[in-house]
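Q: See query01.csv below, with CSV, C-alpha atoms.
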```
chain,number,residue,atom,x,y,z
A,1,MET,CA,103.9,111.2,54.6
A,2,SER,CA,107.2,109.7,53.9
A,3,LYS,CA,108.5,106.6,55.7
A,4,ILE,CA,112.0,105.9,56.8
A,5,LYS,CA,113.7,102.4,56.5
A,6,ILE,CA,115.0,101.4,60.0
A,7,LYS,CA,117.5,98.5,60.1
A,8,TYR,CA,117.6,96.3,63.2
A,9,TYR,CA,120.5,94.4,64.6
A,10,ASP,CA,119.1,91.0,63.6
A,11,GLY,CA,119.3,92.0,59.9
A,12,THR,CA,115.5,92.7,59.6
A,13,SER,CA,114.2,96.2,58.7
A,14,ASP,CA,111.0,98.1,58.7
A,15,LYS,CA,109.6,101.2,57.1
A,16,ARG,CA,108.3,103.6,59.7
A,17,GLU,CA,106.8,107.0,59.8
A,18,VAL,CA,109.1,109.4,61.7
A,19,LEU,CA,107.8,112.8,62.8
A,20,ASP,CA,109.7,115.7,64.4
A,21,GLU,CA,107.2,115.9,67.2
A,22,GLU,CA,107.9,115.1,70.8
A,23,VAL,CA,105.3,113.7,73.2
A,24,PRO,CA,106.0,114.9,76.8
A,25,TYR,CA,106.8,112.2,79.4
A,26,PRO,CA,103.8,111.8,81.8
A,27,GLU,CA,104.5,113.2,85.3
A,28,GLY,CA,105.1,110.7,88.1
A,29,LYS,CA,104.7,107.6,85.9
A,30,LEU,CA,107.1,104.7,85.3
A,31,ILE,CA,107.1,102.8,82.0
A,32,VAL,CA,107.7,99.1,82.8
A,33,SER,CA,108.4,96.2,80.5
A,34,ARG,CA,109.8,92.8,80.6
A,35,THR,CA,111.4,90.8,77.9
A,36,ASP,CA,112.7,87.2,77.4
A,37,ILE,CA,116.4,86.7,77.0
A,38,PHE,CA,116.2,87.5,73.2
A,39,GLY,CA,114.6,91.0,73.9
A,40,ASN,CA,111.0,90.0,73.0
A,41,LEU,CA,108.4,91.7,75.1
A,42,THR,CA,106.6,89.4,77.5
A,43,HIS,CA,105.0,92.1,79.7
A,44,CYS,CA,104.3,95.8,79.6
A,45,ASN,CA,102.3,98.1,81.8
A,46,GLN,CA,99.6,100.6,80.8
A,47,SER,CA,102.1,103.5,80.7
A,48,PHE,CA,104.2,101.6,78.2
A,49,VAL,CA,101.1,101.0,76.0
A,50,ASP,CA,100.0,104.6,76.3
A,51,MET,CA,103.3,106.2,75.4
A,52,SER,CA,104.2,103.7,72.6
A,53,GLY,CA,100.9,104.3,70.9
A,54,PHE,CA,100.6,100.6,70.1
A,55,GLU,CA,97.9,98.3,71.5
A,56,GLU,CA,99.2,95.7,74.0
A,57,ASP,CA,98.6,92.8,71.7
A,58,GLU,CA,100.7,94.5,69.0
A,59,LEU,CA,103.6,94.6,71.5
A,60,ILE,CA,103.6,91.3,73.4
A,61,GLY,CA,105.9,88.8,71.6
A,62,LYS,CA,107.5,91.6,69.5
A,63,SER,CA,111.1,92.6,69.8
A,64,HIS,CA,111.8,95.6,72.0
A,65,TYR,CA,113.3,97.3,69.0
A,66,ILE,CA,109.7,98.1,67.8
A,67,LEU,CA,110.4,101.4,69.7
A,68,ARG,CA,113.8,102.1,68.1
A,69,HIS,CA,114.1,105.6,66.8
A,70,PRO,CA,116.5,106.2,63.8
A,71,ASP,CA,118.2,109.0,65.7
A,72,MET,CA,119.5,106.5,68.2
A,73,PRO,CA,123.1,105.3,67.5
A,74,ARG,CA,123.7,101.5,67.3
A,75,ALA,CA,126.5,101.8,69.8
A,76,ALA,CA,124.0,102.7,72.6
A,77,PHE,CA,122.1,99.5,72.2
A,78,LYS,CA,125.3,97.5,71.7
A,79,ASP,CA,126.5,98.9,75.1
A,80,LEU,CA,123.1,98.1,76.6
A,81,TRP,CA,123.1,94.4,75.5
A,82,GLY,CA,126.8,93.9,76.4
A,83,THR,CA,126.1,95.3,79.9
A,84,ILE,CA,122.9,93.3,80.7
A,85,LYS,CA,124.2,90.1,79.1
A,86,ALA,CA,127.1,90.3,81.5
A,87,GLY,CA,124.6,90.4,84.4
A,88,ASN,CA,124.9,94.1,85.1
A,89,LYS,CA,122.5,97.0,85.3
A,90,TRP,CA,122.4,99.5,82.3
A,91,LYS,CA,121.3,103.1,82.5
A,92,GLY,CA,120.9,105.6,79.8
A,93,TYR,CA,118.9,108.2,77.9
A,94,VAL,CA,116.8,106.8,75.0
A,95,LYS,CA,114.8,108.5,72.3
A,96,ASN,CA,111.8,106.2,71.5
A,97,LEU,CA,109.7,106.0,68.4
A,98,ARG,CA,105.9,105.8,68.8
A,99,LYS,CA,103.6,104.0,66.4
A,100,ASP,CA,102.3,107.3,65.1
A,101,GLY,CA,105.9,108.5,64.3
A,102,LYS,CA,106.2,110.9,67.2
A,103,TYR,CA,108.9,110.4,69.8
A,104,TYR,CA,109.5,110.6,73.5
A,105,TRP,CA,112.7,110.7,75.6
A,106,VAL,CA,113.2,108.5,78.6
A,107,TYR,CA,115.8,107.7,81.3
A,108,ALA,CA,115.9,103.9,81.1
A,109,VAL,CA,117.3,101.4,83.6
A,110,VAL,CA,117.5,97.8,82.5
A,111,VAL,CA,118.3,94.9,84.8
A,112,PRO,CA,118.7,91.1,84.2
A,113,ASN,CA,116.1,88.9,85.9
A,114,ILE,CA,118.3,86.4,87.6
A,115,ARG,CA,116.5,83.3,89.0
A,116,LYS,CA,118.5,80.5,90.6
A,117,GLY,CA,121.7,82.0,89.2
A,118,LYS,CA,120.4,82.1,85.6
A,119,VAL,CA,119.3,85.1,83.5
A,120,VAL,CA,115.7,84.3,82.5
A,121,GLY,CA,114.8,87.7,81.0
A,122,TYR,CA,115.3,91.5,81.4
A,123,ALA,CA,113.2,94.2,83.2
A,124,SER,CA,113.3,97.8,82.0
A,125,VAL,CA,111.9,100.8,83.8
A,126,ARG,CA,111.8,104.2,82.2
A,127,ARG,CA,111.3,107.5,84.0
A,128,LYS,CA,111.0,111.2,83.1
A,129,PRO,CA,114.5,112.4,82.1
A,130,SER,CA,116.3,115.6,82.9
A,131,ARG,CA,116.0,118.0,80.0
A,132,THR,CA,119.6,119.0,80.4
A,133,LYS,CA,120.7,115.4,80.0
A,134,VAL,CA,118.5,114.9,77.0
A,135,ASN,CA,120.0,118.0,75.3
A,136,GLU,CA,123.5,116.6,76.0
A,137,CYS,CA,122.4,113.3,74.5
A,138,ILE,CA,120.9,114.9,71.4
A,139,ALA,CA,124.3,116.3,70.5
A,140,LEU,CA,126.2,113.2,71.5
A,141,TYR,CA,124.0,110.8,69.6
A,142,LYS,CA,124.1,113.0,66.5
A,143,THR,CA,127.9,112.7,66.5
A,144,MET,CA,127.8,109.0,67.2
A,145,LEU,CA,125.3,108.4,64.4
A,146,ALA,CA,127.4,110.5,61.9
A,147,GLU,CA,130.4,108.3,62.8
A,148,GLU,CA,128.4,105.1,62.3
A,149,GLN,CA,127.1,106.3,58.9
A,150,SER,CA,130.5,107.6,57.6
B,1,MET,CA,107.2,77.9,120.0
B,2,LYS,CA,106.5,81.6,120.0
B,3,PHE,CA,106.8,83.6,116.8
B,4,THR,CA,107.3,87.4,116.3
B,5,MET,CA,105.4,89.4,113.7
B,6,THR,CA,106.2,93.0,112.8
B,7,VAL,CA,105.1,95.7,110.4
B,8,SER,CA,107.1,98.2,108.3
B,9,PRO,CA,107.5,101.3,110.4
B,10,ASP,CA,105.8,103.4,107.7
B,11,PHE,CA,102.3,102.1,108.6
B,12,SER,CA,99.7,104.8,109.3
B,13,PRO,CA,99.2,105.5,113.0
B,14,ASP,CA,95.5,105.2,112.4
B,15,HIS,CA,96.1,101.4,111.8
B,16,ILE,CA,98.1,100.6,115.0
B,17,ALA,CA,95.0,99.0,116.6
B,18,GLY,CA,94.3,97.2,113.3
B,19,TRP,CA,97.6,95.4,113.4
B,20,TYR,CA,96.9,94.2,117.0
B,21,ILE,CA,93.4,93.0,115.9
B,22,PHE,CA,95.1,91.2,112.9
B,23,ASN,CA,97.6,89.5,115.2
B,24,THR,CA,94.8,88.3,117.5
B,25,TRP,CA,92.9,87.0,114.4
B,26,LEU,CA,96.0,85.2,113.1
B,27,GLN,CA,96.7,83.6,116.5
B,28,ASN,CA,93.2,82.3,116.6
B,29,GLN,CA,93.3,81.0,113.1
B,30,THR,CA,96.7,79.3,113.3
B,31,ASN,CA,96.6,78.3,116.9
B,32,GLN,CA,100.1,79.7,117.3
B,33,ALA,CA,101.5,82.2,119.8
B,34,ILE,CA,102.5,85.3,117.9
B,35,HIS,CA,103.9,88.4,119.5
B,36,LEU,CA,103.4,91.7,117.6
B,37,GLU,CA,106.5,93.9,117.8
B,38,LEU,CA,106.1,97.4,116.4
B,39,TYR,CA,109.0,99.7,115.7
B,40,ASN,CA,109.4,103.4,115.3
B,41,SER,CA,112.7,103.2,113.5
B,42,PHE,CA,113.6,101.4,110.2
B,43,ASP,CA,117.2,100.9,111.5
B,44,LYS,CA,116.1,99.1,114.7
B,45,GLN,CA,113.7,96.9,112.9
B,46,ARG,CA,116.4,95.9,110.4
B,47,GLU,CA,118.8,95.1,113.2
B,48,ASP,CA,116.2,92.6,114.6
B,49,ILE,CA,115.6,91.2,111.1
B,50,LYS,CA,119.3,90.6,110.6
B,51,ALA,CA,119.4,88.9,114.0
B,52,ASP,CA,116.7,86.5,112.8
B,53,LYS,CA,114.2,87.8,115.5
B,54,ILE,CA,111.3,88.2,113.0
B,55,ASP,CA,109.1,85.4,111.7
B,56,LEU,CA,106.3,87.2,110.0
B,57,ILE,CA,106.4,90.7,108.5
B,58,TYR,CA,104.3,93.2,106.6
B,59,ALA,CA,107.3,94.6,104.7
B,60,ASN,CA,108.0,97.6,102.5
B,61,PRO,CA,109.5,96.7,99.1
B,62,TYR,CA,113.0,97.6,100.3
B,63,ASP,CA,113.0,95.2,103.1
B,64,ALA,CA,111.1,92.6,101.1
B,65,SER,CA,114.1,92.4,98.8
B,66,MET,CA,116.5,91.7,101.6
B,67,LEU,CA,114.1,89.3,103.4
B,68,ILE,CA,113.4,87.2,100.3
B,69,ARG,CA,116.8,87.1,98.7
B,70,GLU,CA,119.0,87.0,101.8
B,71,LYS,CA,116.8,85.5,104.5
B,72,GLY,CA,114.7,83.0,102.6
B,73,PHE,CA,111.3,84.6,103.4
B,74,ILE,CA,108.3,83.7,101.3
B,75,ALA,CA,105.9,86.3,99.8
B,76,ILE,CA,102.3,85.5,100.7
B,77,ALA,CA,100.1,88.5,99.8
B,78,SER,CA,99.8,92.2,99.2
B,79,PRO,CA,96.8,94.5,99.9
B,80,HIS,CA,94.4,94.4,97.0
B,81,GLN,CA,94.7,97.3,94.6
B,82,LYS,CA,97.0,99.2,96.9
B,83,SER,CA,100.4,100.3,95.7
B,84,ASP,CA,103.1,102.5,97.4
B,85,GLU,CA,103.1,106.0,95.9
B,86,ALA,CA,104.8,109.2,96.9
B,87,VAL,CA,103.7,112.8,96.7
B,88,ILE,CA,106.0,115.9,96.5
B,89,CYS,CA,104.4,118.9,98.3
B,90,VAL,CA,105.2,122.6,98.7
B,91,ASN,CA,103.8,125.4,100.9
B,92,SER,CA,100.3,126.2,99.4
B,93,GLU,CA,101.4,129.8,99.0
B,94,SER,CA,104.7,129.1,97.3
B,95,GLU,CA,105.3,130.0,93.7
B,96,TYR,CA,106.4,126.4,92.9
B,97,THR,CA,103.9,124.7,90.6
B,98,CYS,CA,106.0,121.9,89.2
B,99,VAL,CA,109.2,120.0,90.0
B,100,GLU,CA,111.2,122.0,87.5
B,101,ASP,CA,110.5,125.2,89.5
B,102,LEU,CA,112.8,123.8,92.3
B,103,LYS,CA,116.4,124.8,91.9
B,104,PRO,CA,119.8,123.4,93.1
B,105,GLY,CA,120.4,124.4,96.7
B,106,CYS,CA,116.8,123.9,97.8
B,107,THR,CA,115.8,122.1,101.0
B,108,ILE,CA,113.8,118.9,100.9
B,109,ALA,CA,112.1,117.6,104.0
B,110,THR,CA,111.6,113.8,104.3
B,111,ALA,CA,110.5,111.3,106.9
B,112,ASP,CA,112.7,108.3,107.8
B,113,ASP,CA,111.2,106.2,105.0
B,114,PRO,CA,113.8,105.0,102.4
B,115,GLU,CA,111.2,103.9,99.9
B,116,VAL,CA,109.4,107.3,99.8
B,117,SER,CA,112.8,109.1,99.7
B,118,THR,CA,113.9,107.0,96.7
B,119,ILE,CA,110.6,107.6,94.7
B,120,GLY,CA,110.7,111.3,95.7
B,121,MET,CA,114.3,111.8,94.5
B,122,ILE,CA,113.4,110.0,91.2
B,123,MET,CA,110.7,112.6,90.7
B,124,LEU,CA,113.2,115.4,91.3
B,125,GLU,CA,115.5,114.1,88.5
B,126,PRO,CA,113.8,116.0,85.7
B,127,ALA,CA,114.8,119.2,87.5
B,128,ASP,CA,118.4,118.1,87.6
B,129,LEU,CA,118.2,117.7,91.4
B,130,SER,CA,119.9,114.9,93.3
B,131,LYS,CA,121.2,114.3,96.8
B,132,GLU,CA,124.4,116.0,95.7
B,133,ASN,CA,122.8,119.4,95.1
B,134,VAL,CA,119.9,119.7,97.5
B,135,THR,CA,119.8,119.8,101.3
B,136,VAL,CA,117.8,116.9,102.7
B,137,GLU,CA,116.3,117.4,106.1
B,138,GLU,CA,115.3,114.1,107.6
B,139,LEU,CA,112.4,114.4,110.1
B,140,LYS,CA,110.7,111.9,112.4
B,141,ASN,CA,107.3,111.7,110.7
B,142,TYR,CA,105.1,113.2,107.9
B,143,VAL,CA,103.4,115.7,110.2
B,144,MET,CA,106.8,117.2,110.9
B,145,VAL,CA,107.5,117.2,107.1
B,146,ALA,CA,104.2,119.2,106.6
B,147,LYS,CA,105.1,121.6,109.5
B,148,SER,CA,108.5,122.2,107.9
B,149,LEU,CA,106.8,123.2,104.6
B,150,ILE,CA,104.2,125.4,106.5
B,151,GLY,CA,107.0,127.1,108.4
B,152,ASN,CA,108.9,127.7,105.1
B,153,LYS,CA,111.9,125.8,106.5
B,154,ALA,CA,111.8,123.4,103.5
B,155,ASP,CA,111.1,124.2,99.9
B,156,ALA,CA,109.5,120.8,99.2
B,157,GLY,CA,108.6,117.7,101.2
B,158,PHE,CA,108.2,114.0,100.3
B,159,PHE,CA,105.1,112.1,101.6
B,160,LEU,CA,103.9,108.6,101.4
B,161,LYS,CA,100.6,109.1,99.5
B,162,GLU,CA,98.6,107.2,102.1
B,163,ALA,CA,100.1,109.5,104.8
B,164,PHE,CA,99.4,112.6,102.8
B,165,ASP,CA,95.8,111.5,102.2
B,166,ASP,CA,95.4,110.8,106.0
B,167,MET,CA,96.5,114.3,107.0
B,168,SER,CA,94.0,116.7,108.6
B,169,LYS,CA,92.1,119.1,106.4
B,170,PHE,CA,93.8,121.9,108.3
B,171,ILE,CA,97.3,120.7,107.3
B,172,LYS,CA,96.3,119.9,103.8
B,173,SER,CA,95.0,123.4,103.3
B,174,GLN,CA,98.4,124.8,103.9
B,175,ILE,CA,100.4,122.5,101.6
B,176,LYS,CA,99.9,121.6,97.9
B,177,PRO,CA,101.1,118.6,95.9
B,178,ILE,CA,103.1,119.4,92.8
B,179,VAL,CA,103.6,115.8,91.6
B,180,THR,CA,102.3,112.3,92.6
B,181,SER,CA,103.9,109.1,91.5
B,182,GLN,CA,101.8,106.6,89.6
B,183,ILE,CA,104.1,103.6,89.8
B,184,SER,CA,101.5,100.9,90.6
B,185,VAL,CA,103.9,98.0,90.7
B,186,ILE,CA,105.7,98.7,94.0
B,187,ARG,CA,103.8,97.3,97.0
B,188,HIS,CA,104.1,96.3,100.6
B,189,THR,CA,104.0,92.5,101.0
B,190,PHE,CA,103.2,90.1,103.8
B,191,LEU,CA,106.0,87.6,104.2
B,192,ILE,CA,106.7,84.5,106.4
B,193,GLY,CA,110.1,83.4,107.4
B,194,PRO,CA,111.8,80.0,107.3
B,195,ASP,CA,111.3,79.4,111.1
B,196,PHE,CA,107.6,79.9,110.8
B,197,VAL,CA,107.3,77.7,107.7
B,198,ASN,CA,109.4,74.9,109.4
B,199,ASN,CA,108.0,75.0,112.9
B,200,SER,CA,104.5,76.3,112.9
B,201,GLY,CA,103.1,73.0,111.5
B,202,ILE,CA,101.2,75.0,108.9
B,203,SER,CA,102.1,74.5,105.3
B,204,GLU,CA,102.9,77.5,103.1
B,205,GLU,CA,99.9,76.6,100.9
B,206,ASP,CA,97.5,76.4,103.9
B,207,PHE,CA,98.8,79.7,105.2
B,208,ARG,CA,98.4,81.4,101.8
B,209,GLN,CA,94.9,80.1,101.6
B,210,LEU,CA,94.1,81.4,105.1
B,211,ILE,CA,95.4,84.9,104.3
B,212,ASN,CA,93.9,85.2,100.9
B,213,SER,CA,90.4,84.0,101.9
B,214,MET,CA,90.4,86.3,105.0
B,215,HIS,CA,87.9,88.7,103.5
B,216,GLU,CA,85.3,85.9,103.1
B,217,SER,CA,84.5,85.7,106.8
B,218,GLU,CA,82.8,88.5,108.7
B,219,LYS,CA,85.5,88.6,111.4
B,220,GLY,CA,88.3,88.6,108.8
B,221,SER,CA,86.6,91.3,106.7
B,222,SER,CA,86.2,93.6,109.7
B,223,THR,CA,89.8,93.0,110.7
B,224,LEU,CA,91.0,93.9,107.2
B,225,LYS,CA,89.0,97.1,107.3
B,226,SER,CA,90.8,98.1,110.5
B,227,LEU,CA,94.1,97.7,108.4
B,228,GLY,CA,92.7,100.0,105.8
B,229,PHE,CA,92.1,97.6,102.9
B,230,GLU,CA,89.4,95.2,101.7
B,231,LYS,CA,91.3,92.0,101.0
B,232,TRP,CA,94.7,90.4,100.4
B,233,GLU,CA,95.9,89.6,96.9
B,234,ASN,CA,98.1,86.6,96.4
B,235,GLN,CA,101.7,87.3,95.7
B,236,ASP,CA,103.6,84.4,94.3
B,237,HIS,CA,107.3,84.0,94.4
B,238,GLU,CA,107.9,85.2,90.8
B,239,GLU,CA,105.7,88.3,91.3
B,240,ALA,CA,107.8,89.2,94.4
B,241,GLU,CA,111.0,88.6,92.6
B,242,PHE,CA,109.9,90.8,89.7
B,243,MET,CA,109.0,93.6,92.2
B,244,ILE,CA,112.5,93.2,93.6
B,245,ASP,CA,114.0,93.6,90.1
B,246,LEU,CA,111.9,96.7,89.6
B,247,MET,CA,113.1,98.1,93.0
B,248,ASP,CA,116.7,97.4,91.8
B,249,THR,CA,116.1,99.7,88.8
B,250,LEU,CA,115.1,102.6,91.1
B,251,VAL,CA,118.2,102.5,93.3
B,252,SER,CA,121.4,104.0,92.0
```
Using structure tokens, write down the structure that the file contains.
A:
Amino acid sequence: MSKIKIKYYDGTSDKREVLDEEVPYPEGKLIVSRTDIFGNLTHCNQSFVDMSGFEEDELIGKSHYILRHPDMPRAAFKDLWGTIKAGNKWKGYVKNLRKDGKYYWVYAVVVPNIRKGKVVGYASVRRKPSRTKVNECIALYKTMLAEEQS
Amino acid sequence: MKFTMTVSPDFSPDHIAGWYIFNTWLQNQTNQAIHLELYNSFDKQREDIKADKIDLIYANPYDASMLIREKGFIAIASPHQKSDEAVICVNSESEYTCVEDLKPGCTIATADDPEVSTIGMIMLEPADLSKENVTVEELKNYVMVAKSLIGNKADAGFFLKEAFDDMSKFIKSQIKPIVTSQISVIRHTFLIGPDFVNNSGISEEDFRQLINSMHESEKGSSTLKSLGFEKWENQDHEEAEFMIDLMDTLVS
């Protein structure tokens, strides 16, 4: 099986297996995680572990971009970080990459954890997305990605 | 000084007596006069919270947010291994088998419970349904929600899972769940207010110890059973703050 090189915003990269196989989002569940201010995972719930395909100890301390799928445009994450660093809530549809190379779509909401007026981390909750919206995003992200690569 | 305790209006009617027993236990343990005020309406209870008439409260996560961040309440404990979940049900004879079978224009029956309505609407999102394209029929309680489904007045209804589980076999035989949330992290919380902390003569730590060790005595344990759970689980400030952050992700 071939692996694809994925470049991350911090200049690092990784070679990951990428399969064209979707894993359906589990009914009724929420995927919850928490990161420090740099985006490193400090907490994740069982749904996060189950859907990512990683073990919990493979996730804690790692950057959230461990789930980054190469079909996601950089602009989406730039918008996310710009929004939450400004202290605001970000919402959007995200295609995530599992450890086994399969993918799953989520509707994600990210909020800053503000304590005594200071951002101390971020909480992210993902839920089952609308298929209509996912289909819109597949087309949109493809266009955005093509522009980024041109 | 007399203090007032209240309970989120979404408590199960089966546990009304339990809350009076808990209040008696609490008064005996703290040597404080505490009046238990129960409300039928979330709005009326919020009015009294805003008017600073409440000192102790078993709050739903929505109100916990406001009480902690705006009123300076302190989270003490949550029921052990008990989270707030919602169930979407339809008439047992209906053709609906999943959320995606529901279409824009359908009627959703809900009780006056903002938390369950929020979780229910989130579970409708995959079907492209929102408050903008469904008719929401707000009813007084979950039995009326069930009746609305049984009478085919509503296509689907939202229930607090605990309320659904407590329904009679007869009602449950006429409705069927199509999806149940498994959120786990959203919970009711017992909180104490600044007046109680400052004027009861009991420190926060002593009160926390009292509540969290309640199950260790025979009397405390039987009181907890009448509330429908085995023991309290400590909720520290950061745990409560994180739950509020998560609630924030669920509201639009």
Q: Have a look at CA of Asp248 in chain B and CA of Lys89 in chain A and let me know their distance in Å, one decimal.
A: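 Going from CA of Asp248 in chain B over to CA of Lys89 in chain A covers 8.7 Å.
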Q: Which is closest to chain B among A:Gly101, A:Pro24, A:Gly82, A:Pro70, if we use all atoms listed in the file?
A: A:Pro24
Q: List every residue of chain B that has an atom at most 12 Å from any atom of chain A, and for each one report the closest atom pair and its distance in Å to one decimal, counting only C-alpha atoms, with rows sorted by chain and then by increasing residue number, as a Markdown table.
A:
```
| residue | atom | partner | partner_atom | distance |
| --- | --- | --- | --- | --- |
| B:Arg69 | CA | A:Arg115 | CA | 10.4 |
| B:Glu85 | CA | A:Gly28 | CA | 9.3 |
| B:Ala86 | CA | A:Gly28 | CA | 8.9 |
| B:Val87 | CA | A:Gly28 | CA | 9.0 |
| B:Ile88 | CA | A:Gly28 | CA | 9.9 |
| B:Cys98 | CA | A:Glu27 | CA | 9.7 |
| B:Val99 | CA | A:Glu27 | CA | 9.5 |
| B:Glu100 | CA | A:Ser130 | CA | 9.4 |
| B:Ile119 | CA | A:Gly28 | CA | 9.1 |
| B:Gly120 | CA | A:Gly28 | CA | 9.5 |
| B:Met121 | CA | A:Gly28 | CA | 11.3 |
| B:Ile122 | CA | A:Arg127 | CA | 7.9 |
| B:Met123 | CA | A:Gly28 | CA | 6.5 |
| B:Leu124 | CA | A:Ser130 | CA | 9.0 |
| B:Glu125 | CA | A:Ser130 | CA | 5.9 |
| B:Pro126 | CA | A:Ser130 | CA | 3.8 |
| B:Ala127 | CA | A:Ser130 | CA | 6.0 |
| B:Asp128 | CA | A:Ser130 | CA | 5.7 |
| B:Leu129 | CA | A:Ser130 | CA | 9.0 |
| B:Ser130 | CA | A:Ser130 | CA | 11.0 |
| B:Pro177 | CA | A:Gly28 | CA | 11.8 |
| B:Ile178 | CA | A:Glu27 | CA | 9.8 |
| B:Val179 | CA | A:Gly28 | CA | 6.4 |
| B:Thr180 | CA | A:Gly28 | CA | 5.5 |
| B:Ser181 | CA | A:Gly28 | CA | 3.9 |
| B:Gln182 | CA | A:Lys29 | CA | 4.8 |
| B:Ile183 | CA | A:Leu30 | CA | 5.5 |
| B:Ser184 | CA | A:Leu30 | CA | 8.6 |
| B:Val185 | CA | A:Val32 | CA | 8.8 |
| B:Ile186 | CA | A:Leu30 | CA | 10.7 |
| B:His237 | CA | A:Arg115 | CA | 10.7 |
| B:Glu238 | CA | A:Arg115 | CA | 9.0 |
| B:Glu239 | CA | A:Asn113 | CA | 11.7 |
| B:Ala240 | CA | A:Arg115 | CA | 11.8 |
| B:Glu241 | CA | A:Asn113 | CA | 8.4 |
| B:Phe242 | CA | A:Asn113 | CA | 7.5 |
| B:Met243 | CA | A:Ala123 | CA | 9.9 |
| B:Ile244 | CA | A:Asn113 | CA | 9.5 |
| B:Asp245 | CA | A:Asn113 | CA | 6.6 |
| B:Leu246 | CA | A:Ala123 | CA | 7.0 |
| B:Met247 | CA | A:Val125 | CA | 9.7 |
| B:Asp248 | CA | A:Val111 | CA | 7.6 |
| B:Thr249 | CA | A:Val109 | CA | 5.6 |
| B:Leu250 | CA | A:Val109 | CA | 7.9 |
| B:Val251 | CA | A:Val109 | CA | 9.8 |
| B:Ser252 | CA | A:Lys91 | CA | 9.5 |
```
Q: Would you work out the distance separating CA of Glu70 in chain B from CA of Ala111 in chain B, expressed in Å to one decimal?
A: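 Between these atoms lies a distance of 26.2 Å.
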Q: To one decimal place, how far is CA of Phe170 in chain B from CA of Ala146 in chain B in Å?
A: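 About the pair CA of Phe170 in chain B and CA of Ala146 in chain B: they are 10.9 Å apart.
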Q: Could you check which of B:Glu205, B:Asp55, B:Asp101, B:Glu216 is closest to Asn234 in chain B, using all atoms listed in the file?
A: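 Selected residue with least distance to Asn234 in chain B: B:Glu205.
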Q: Do you know which residues are at most 7 Å from Thr135 in chain B counting only C-alpha atoms, after dropping those on the same chain fewer than 2 positions away, and could you put them as an MDAnalysis selection string?
A: chainID B and resid 105:108 133 137
Q: Just the residues within 8 Å of range 34-41 of chain B, please, counting all atoms listed in the file, with nothing from its chain fewer than 4 positions along; format it as a list in words.
A: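 Contacts, in chain order: Lys2, Phe3, Thr4, Met5, Thr6, Val7, Ser8, Pro9, Tyr20, Asn23, Gln27, Gln45 and Asp112 of chain B.
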Q: Atoms to include: C-alpha atoms. Write the selected residues as a short mmCIF file (atom, residue, chain, number, x, y, z; two decimals), in the coordinates of the input.
A:
```
data_model
loop_
_atom_site.label_atom_id
_atom_site.label_comp_id
_atom_site.auth_asym_id
_atom_site.auth_seq_id
_atom_site.Cartn_x
_atom_site.Cartn_y
_atom_site.Cartn_z
CA LYS B 2 106.50 81.60 120.00
CA PHE B 3 106.80 83.60 116.80
CA THR B 4 107.30 87.40 116.30
CA MET B 5 105.40 89.40 113.70
CA THR B 6 106.20 93.00 112.80
CA VAL B 7 105.10 95.70 110.40
CA SER B 8 107.10 98.20 108.30
CA PRO B 9 107.50 101.30 110.40
CA TYR B 20 96.90 94.20 117.00
CA ASN B 23 97.60 89.50 115.20
CA GLN B 27 96.70 83.60 116.50
CA GLN B 45 113.70 96.90 112.90
CA ASP B 112 112.70 108.30 107.80
#
```
Q: Pick from B:Asp43, B:Asp10, B:Glu93, B:Asp48: nearest to Asn152 in chain B, with all atoms listed in the file counted?
A: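 Among the listed residues, the smallest separation from Asn152 in chain B belongs to B:Glu93.
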Q: Rank B:Asp63, B:Asp236, B:Glu162, B:Asp155 by their smallest atom-to-atom distance to Pro104 in chain B, using only C-alpha atoms, and report the top residue only.
A: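 When distances to Pro104 in chain B are compared using only C-alpha atoms, the smallest one comes from B:Asp155.
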Q: Nearest to Ile6 in chain A: which of A:Glu136, A:Asp79, A:Asp71, A:Glu147 is it, counting all atoms listed in the file?
A: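 Answer, going by the shortest atom-to-atom distance: A:Asp71.
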Q: Residues near Thr110 in chain B, anyone? I mean within 10 Å using all atoms listed in the file, not counting same-chain ones fewer than 2 positions away, as a PyMOL selection string.
A: chain B and resi 88+107-108+112-114+116-117+120+136-142+144-146+148+154+156-160
Q: Just C-alpha atoms for this one: save the residues we selected as a compact mmCIF listing (two decimals), keeping the file's coordinate frame.
A:
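Output contents, as saved in selection_10.txt:
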```
# COMPACT_ATOMS: atom_id res chain seq x y z
CA ILE B 88 106.00 115.90 96.50
CA THR B 107 115.80 122.10 101.00
CA ILE B 108 113.80 118.90 100.90
CA ASP B 112 112.70 108.30 107.80
CA ASP B 113 111.20 106.20 105.00
CA PRO B 114 113.80 105.00 102.40
CA VAL B 116 109.40 107.30 99.80
CA SER B 117 112.80 109.10 99.70
CA GLY B 120 110.70 111.30 95.70
CA VAL B 136 117.80 116.90 102.70
CA GLU B 137 116.30 117.40 106.10
CA GLU B 138 115.30 114.10 107.60
CA LEU B 139 112.40 114.40 110.10
CA LYS B 140 110.70 111.90 112.40
CA ASN B 141 107.30 111.70 110.70
CA TYR B 142 105.10 113.20 107.90
CA MET B 144 106.80 117.20 110.90
CA VAL B 145 107.50 117.20 107.10
CA ALA B 146 104.20 119.20 106.60
CA SER B 148 108.50 122.20 107.90
CA ALA B 154 111.80 123.40 103.50
CA ALA B 156 109.50 120.80 99.20
CA GLY B 157 108.60 117.70 101.20
CA PHE B 158 108.20 114.00 100.30
CA PHE B 159 105.10 112.10 101.60
CA LEU B 160 103.90 108.60 101.40
```
Q: Please check which residues have atoms at most 12 Å from (127.0, 109.1, 60.4) in the file's coordinates, counting all atoms listed in the file, and write them as a list in words.
A: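 Residues with an atom close enough to that point: Pro70, Asp71, Met72, Pro73, Arg74, Ala75, Leu140, Tyr141, Lys142, Thr143, Met144, Leu145, Ala146, Glu147, Glu148, Gln149 and Ser150 of chain A.
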